[in-house]
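K.L.:
I have a structure I would like to understand better, so I am pasting it below and will then ask my questions one at a time.
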Amino acid sequence: MKKRKVMISNIIMCFILIASIIMAASIGSASLTVRGSLQIILSRVPIVRHFISLEGIKPTFEIIVWNIRIPRILLAGLCGASLSLVGVCFQGLFRNPLADPQIIGVSSGAALGATLAVLSGVSVSFAGLSGIGLFAFLGAIVTVVLVYRISCTGNRAPVVHIILTGTAVSSMLSAVISLLLCMRREDLEKIYMWTLGSFSGATMNKVIFLLIFLVICGVIIFIFAKDLDMILTGEEAAMSLGVDTVMVKKILIVVASVLVAVSVSVSGTIGFVGLIIPHIVRLICGPKHRKLMPLAALTGAVFLIWCDTIARTIRSPGEIPVGVVTALCGAPYFLYLLNRSKKKVV
């Protein structure tokens, strides 16, 4: 019965995701009917497009929907899925319900990389990433390697050491960013807005770039779903059941961190998605990671699509950073989790 409930939930969430993409594509400063946006989207689908007529729809609407809104919506959905999936992974790996993709300093490393790119005026690009995105990716990866190396005791990296090291390194990098910005105040606004997250620079190249990493990293994380179930019972118990916890931690930390780094490089830092979505989904399908991961990814995609839709329309024709919207949604839920855990302790 539980398995059937999870399967039905996944199917429903798939339909909600498709509906969200179509509806979000019709919302904006240039208003368009849901039917019109659906026609434009279907007109680009092979085979189906031969049966779709765009009569009565202005060519400018086609450009707005397909060239501007759809890449942005898809990028937001992929980022939401990535961050939610990593949130599920880290909460299981660290056995901490408050763990999220930023717990080991990835976001701070990415922010420092982006800051250095802006201050140095780098103009290179690679695989659809601008200089800022590329430096953000490299900064995130270097930070993960640094945190893991510092956390290692012999051949092992205890969870507590990783979390504490990540917190310390994150604080240090934030201090370095603040110091650099104090020296170059004219670039403060650009960096600050980047750290709050935005999909305004979305392109199909970025969508494809993130999709490739999401598929590869997502499959690897899913392969270790049963190992994560065992690790939840404790590392010693997992080892007694034949799980090589040291190897599993190394692989999952690297893979999940790479996925976060790619997400951050195309969107800036977006908080709370990887924290609240796994908790909400866990109420539906339980703690088993093989059931939890697909539904969390779908739910995260829908959540961030609508957060971005709110961000780009609430001050139309301007926009606010999407990280502000996710924080307004996520912070109250975070406080609720803290309050609930406090009551359990008492």
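Ordered as shown in the structure tokens, chains take letters A, B, and onward, while each chain numbers its residues from 1 and ligands are numbered from 1 in the order shown.
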Give me the residues near segment 86-92 of chain A as a compact mmCIF listing (two decimals) with N, CA, C and O atoms, in the first residue's frame, where near means some atom within 6 Å (using only C-alpha atoms) and where sequence neighbours in that chain fewer than 2 positions away do not count.
P.N.:
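This went into result_21.txt:
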```txt
# COMPACT_ATOMS: atom_id res chain seq x y z
N LEU A 83 19.19 20.66 -5.74
CA LEU A 83 19.36 21.05 -4.34
C LEU A 83 18.56 20.15 -3.41
O LEU A 83 19.02 19.80 -2.32
N SER A 84 17.37 19.76 -3.84
CA SER A 84 16.54 18.86 -3.02
C SER A 84 17.18 17.48 -2.91
O SER A 84 17.19 16.87 -1.83
N PHE A 94 24.81 12.64 6.97
CA PHE A 94 25.26 13.25 8.22
C PHE A 94 24.34 12.93 9.39
O PHE A 94 24.59 13.38 10.51
N ARG A 95 23.26 12.18 9.10
CA ARG A 95 22.27 11.83 10.12
C ARG A 95 21.83 13.07 10.89
O ARG A 95 21.72 13.07 12.12
N ASN A 96 21.59 14.13 10.13
CA ASN A 96 21.22 15.41 10.72
C ASN A 96 20.03 15.99 9.93
O ASN A 96 20.18 16.32 8.76
N PRO A 97 18.85 16.10 10.56
CA PRO A 97 17.67 16.59 9.84
C PRO A 97 17.76 18.05 9.41
O PRO A 97 16.96 18.52 8.60
N ALA A 99 20.59 19.31 8.09
CA ALA A 99 21.66 19.44 7.09
C ALA A 99 21.08 19.90 5.76
O ALA A 99 19.96 19.53 5.39
N ASP A 100 21.83 20.72 5.04
CA ASP A 100 21.41 21.17 3.72
C ASP A 100 22.63 21.30 2.81
O ASP A 100 23.76 21.09 3.27
N PRO A 101 22.45 21.60 1.53
CA PRO A 101 23.58 21.65 0.60
C PRO A 101 24.69 22.64 0.97
O PRO A 101 25.78 22.57 0.42
N LEU A 228 22.61 4.56 2.35
CA LEU A 228 22.17 5.69 3.17
C LEU A 228 21.14 5.25 4.21
O LEU A 228 21.14 5.74 5.34
N LEU A 232 21.78 5.62 8.33
CA LEU A 232 20.86 6.29 9.24
C LEU A 232 20.78 5.60 10.60
O LEU A 232 20.50 6.24 11.61
N ALA A 256 27.74 14.83 -4.48
CA ALA A 256 26.73 15.81 -4.08
C ALA A 256 27.29 17.23 -4.13
O ALA A 256 26.60 18.16 -4.54
N GLY A 274 17.08 22.79 -0.22
CA GLY A 274 17.56 21.46 0.17
C GLY A 274 17.28 21.12 1.61
O GLY A 274 17.51 19.98 2.04
N LEU A 275 16.77 22.07 2.38
CA LEU A 275 16.44 21.82 3.78
C LEU A 275 14.98 21.44 3.94
O LEU A 275 14.65 20.43 4.57
N PRO A 278 13.11 18.00 1.47
CA PRO A 278 13.22 16.62 1.96
C PRO A 278 12.32 16.33 3.16
O PRO A 278 11.76 15.24 3.26
```
K.L.:
So which residues touch Asp227 of chain A within 12 Å, counting only C-alpha atoms, skipping near sequence neighbours fewer than 2 positions away, as a PyMOL selection string?
P.N.:
chain A and resi 89+92-93+220-225+229-235+237-239+241-249+251-252+288-290
K.L.:
Near Leu292 of chain A, within 9 Å and counting only C-alpha atoms, which residues show up once chain neighbours fewer than 2 positions away are dropped, as a list in words?
P.N.:
Val6, Leu85, Val88, Pro278, Val281, Arg282, Ile284, Cys285, Gly286, Pro287, Lys288, His289, Arg290, Pro294, Leu295, Ala296 and Ala297 of chain A
K.L.:
Give the answer as one residue: which of A:Met23, A:Met293, A:Val273, A:Ala30 has the shortest atom-to-atom distance to Tyr333 of chain A, using only C-alpha atoms?
P.N.:
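Going through A:Met23, A:Met293, A:Val273, A:Ala30 one by one, the smallest distance to Tyr333 of chain A is for A:Val273.
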K.L.:
Would you list the contacts of segment 298-307 of chain A as a list in words, taking every protein, DNA or RNA residue within 8 Å and counting only C-alpha atoms, but skipping same-chain residues closer than 4 positions in sequence?
P.N.:
Asn10, Met13, Cys14, Ile16, Leu17, Ser20, Ile21, Ala24, Ile73, Leu74, Ala76, Gly77, Leu78, Cys79, Gly80, Ala81, Ser82, Leu83, Ser84, Val273, Gly274, Ile277, Val281, Pro294, Ala311, Val322, Val325 and Thr326 of chain A
K.L.:
Report as CSV the residues of segment 234-329 of chain A within 9 Å of segment 196-212 of chain A, each with its shortest atom pair and distance in Å (one decimal), using only C-alpha atoms, ordered by chain and increasing residue number.
P.N.:
```
residue,atom,partner,partner_atom,distance
A:Leu259,CA,A:Leu210,CA,8.2
A:Val262,CA,A:Leu210,CA,6.5
A:Ser263,CA,A:Leu210,CA,6.8
A:Val264,CA,A:Gly197,CA,8.2
A:Val266,CA,A:Lys206,CA,6.7
A:Ser267,CA,A:Ser198,CA,5.3
A:Gly268,CA,A:Gly197,CA,4.2
A:Thr269,CA,A:Gly197,CA,5.0
A:Ile270,CA,A:Gly197,CA,5.4
A:Gly271,CA,A:Leu196,CA,8.5
A:Asp308,CA,A:Phe199,CA,7.6
A:Ala311,CA,A:Ser198,CA,8.7
A:Arg312,CA,A:Ser200,CA,8.5
A:Glu319,CA,A:Ser200,CA,9.0
A:Ile320,CA,A:Ser198,CA,8.2
A:Pro321,CA,A:Ser198,CA,5.4
A:Val322,CA,A:Ser198,CA,5.5
A:Gly323,CA,A:Leu196,CA,4.8
A:Val324,CA,A:Leu196,CA,6.6
```
